[in-house]
Amino acid sequence: MPLPPAPAKRAALLAPDAYTLKGTEETLDMLPEPERAASGRSASAPLVAASAAPTPATTKSGSRNRPRKATASVAADLATAPVQAPAVVQRDAPAVPVAPSPQAIERGAAPAAPRRPNQRKSSTPNGLARLFVLDTNVLLHDPMSLFRFEEHDIFLPMIVLEELDGHKKGMTEVARNGRQTSRTLDALAAQAGGDMTKGLKLSATGHSTARGLLFFQTEPLDAQLPTSLPQGKADNQILGVVQALRDKYPQREVILVSKDINMRVKARALGLAADDYQNDKTLDDGELLYSGALALPQDFWTRQSKTIESWQSGSHTFYRVSGPAVAQFYINQFVYFEAPGEPSLYARVTEIRDKTAVLKTLKDYTHLKNAVWGVTSRNREQNFALNLLMDPEVDFVTLAGTAGTGKTLMALASGLTQVLDDRRYTEIIMTRATVSVGEDIGFLPGTEEEKMGPWMGALDDNLEFLAKGDGGNAGEWGRAATNELIRSRIKVKSMNFMRGRTFMNKYVIIDEAQNLTPKQMKTLITRAGPGTKIICMGNLAQIDTPYLTEGSSGLTFAVDRFKGWPHGGHITLARGERSRLADYASEVL
């Protein structure tokens, strides 16, 4: 039976009854059984919302499809009609919204509040915030670790507070961190309206990124651990707390966070989730560290032939380039082009604007006429390093590389040239992390400089080499006078007495910087006053400080944070030049 023709003025003259549920049911009766069942499930929603996105008929052609097609067109006409939708009250929803009462750690089971657009969604499968149980070594390693877990919650067992109390005395870095953690916990516990049984807001002290709660252990928690684990040991007590929390709140993900590898292994052996504290790591992989140099593609000149601009300024040539390669550039990054049969290019990025960059050619320190205190560069990376060390506009230089790449020698030669010849700086200050390779030999006698003497063997070796090259045929007295002059301009200082100092017009060399923590690196760099230049050198493959890795080293931290700064530069030295024996040993050992 064919349908009657549609009225000429459908949208404007429809009666309000057409928008009622009864009208909807009559329309649904014309649909096939499967579509009627699917539409009936959403019958409680307003018709205007339901008909706003009609489902097009995509079935096979036939006489039985015609009524459905006509019905779809009527529904589309209803959706486009300018009407005032009546207020529809859902029977399932309560008339007055009731706020859920906080239930201590069970807060994750309550209905979630409306999420802000910039708030990151919880990564747990069931939408609940994770519960992290922190080990004592995490708090002693980073006192600000309480505020690094974003929207997730933190639980502190009572034994952790006991261990914090035992580490707060002394002048070591661990003791200072323990005292700072205690002060932070006291400030959180003293917040207005705070209740330890319901959780303390971590954002109460001004850390807006920490949106979770802090829970203290306020009641005994019993858990069945294997009898082979001594119950009196602090690590095992923390494992028992994690087990008890997981049994008490099975719907939440409880994770132990510890810097102790053995404790994480024990936790996983017991079936407990455990993880390392990752926030202190600048990079997960040392191979991703910024190298300071970038090789240009082989078709670089071909692509730039029509758009490149060049001009001369003094002894340097400048190039303005554009293209997709500019997106990879950083300020003070070195770029080079080497191809057989084509002219080579060695330049430094001095300016980046939108999709264009300015490259400045380098001074060639491989030539004897540009020797620095008698030292010339032997490879490409050493030439890059000397350009940074001799540039007065670069205030901070980091040099990384394996043993024998010439880091200390180039830094000393550049310093002596700029202190004694150019008079750019008043003196050289050299320091290093006093971390021994093997067993400590005990206390050292003498003054501060005499105590640092055994640690400065690299300084003595390089000064001996530089004095031989500069003395020429001056004879024994001349070499002695030169050595005395050089020694008078070099001061050896201990890192332990750096806090509070300000170096003005000094050339500061920080050797073995890979053994520094990020906090120690910040302390040393912030000592720089007007006209001071700081050089940090180190080999990330020779870290002797306990609990420090390539990803968490202060040298890695400085390289990553200073890349792209107009007054800082970094270069990774690739090839050893000390001797063929040292170069081969670095590769195979």
# chains A, B, ... in the order shown; residues from 1 in each chain; ligands from 1
>>> residues_around(residues="stretch 395-401 of chain A", least_positions_apart="2", cutoff="6 Å", atoms="only C-alpha atoms", output="list in words")
Lys533, Ile534, Ile535, Cys536, Met537, Gly538, Asn539, His567, Gly568, Gly569, His570, Ile571, Thr572 and Leu573 of chain A
>>> residues_around(residues="A:Ala433", least_positions_apart="3", cutoff="9 Å", atoms="only C-alpha atoms", output="PyMOL selection string")
chain A and resi 436+455+494-495+510-516
>>> write_last_selection(atoms="N, CA and C atoms", output="CSV table (one decimal), in the first residue's frame")
chain,number,residue,atom,x,y,z
A,436,SER,N,85.8,8.4,44.0
A,436,SER,CA,86.9,7.5,43.7
A,436,SER,C,86.5,6.3,42.9
A,455,TRP,N,93.3,14.5,43.2
A,455,TRP,CA,92.2,14.4,42.3
A,455,TRP,C,92.5,15.1,41.0
A,494,SER,N,87.4,22.9,45.8
A,494,SER,CA,86.5,21.8,46.1
A,494,SER,C,85.0,22.2,45.9
A,495,MET,N,84.3,21.2,45.5
A,495,MET,CA,82.8,21.5,45.3
A,495,MET,C,82.1,21.6,46.6
A,510,ILE,N,84.6,22.3,35.0
A,510,ILE,CA,84.1,21.2,35.9
A,510,ILE,C,84.4,19.9,35.2
A,511,ASP,N,85.3,19.2,35.8
A,511,ASP,CA,85.8,17.9,35.2
A,511,ASP,C,85.0,16.8,35.8
A,512,GLU,N,84.9,15.7,35.1
A,512,GLU,CA,84.2,14.5,35.6
A,512,GLU,C,82.7,14.8,36.0
A,513,ALA,N,82.1,15.6,35.2
A,513,ALA,CA,80.7,16.1,35.5
A,513,ALA,C,79.7,15.0,35.4
A,514,GLN,N,80.0,13.9,34.8
A,514,GLN,CA,79.1,12.8,34.8
A,514,GLN,C,78.8,12.2,36.2
A,515,ASN,N,79.6,12.5,37.1
A,515,ASN,CA,79.4,12.0,38.5
A,515,ASN,C,78.6,12.9,39.4
A,516,LEU,N,78.1,14.0,38.8
A,516,LEU,CA,77.3,15.0,39.5
A,516,LEU,C,75.8,14.7,39.4
>>> atom_distance(atom1="atom CA of A:Tyr346", atom2="atom CA of A:Arg423")
28.6 Å
>>> residues_around(residues="A:Ser315", least_positions_apart="3", cutoff="12 Å", atoms="only C-alpha atoms", output="CSV table (one decimal) with C-alpha atoms, in the first residue's frame")
chain,number,residue,atom,x,y,z
A,311,TRP,CA,76.8,37.1,2.4
A,312,GLN,CA,80.3,37.9,3.8
A,318,PHE,CA,76.7,33.4,6.3
A,360,LYS,CA,77.8,30.8,10.0
A,361,THR,CA,81.0,29.2,8.8
A,362,LEU,CA,83.5,28.2,11.4
A,363,LYS,CA,87.1,29.1,12.2
A,364,ASP,CA,89.4,26.4,11.1
>>> select_by_dssp(residues="stretch 373-474 of chain A", states="alpha helix (DSSP H)", output="PyMOL selection string")
chain A and resi 380-389+407-416+448-452+457-471
>>> closest_residue(among="A:Phe329, A:Phe132, A:Trp373, A:Phe557", to="A:Asp275", atoms="only C-alpha atoms")
A:Phe132
>>> residues_around(residues="A:Asp299", least_positions_apart="5", cutoff="10 Å", atoms="only C-alpha atoms", output="ChimeraX atom specification")
/A:304,337,339
>>> closest_residue(among="A:Asn383, A:Thr402, A:Ser377, A:Thr526", to="A:Asp583", atoms="only C-alpha atoms")
A:Thr402
>>> residues_around(residues="A:Thr447", least_positions_apart="6", cutoff="12 Å", atoms="only C-alpha atoms", output="list in words")
Gly453, Val492, Lys493 and Ser494 of chain A
>>> atom_distance(atom1="atom CA of A:Ala558", atom2="atom CA of A:Val335")
21.2 Å
>>> select_by_dssp(residues="stretch 157-298 of chain A", states="strand (DSSP E or B)", output="list in words")
Asp195, Gly199, Leu200, Lys201, Leu213, Leu214, Phe215, Phe216, Val254, Ile255, Leu256, Val257, Ala273, Ala274, Asp275, Ala293, Leu294 and Ala295 of chain A
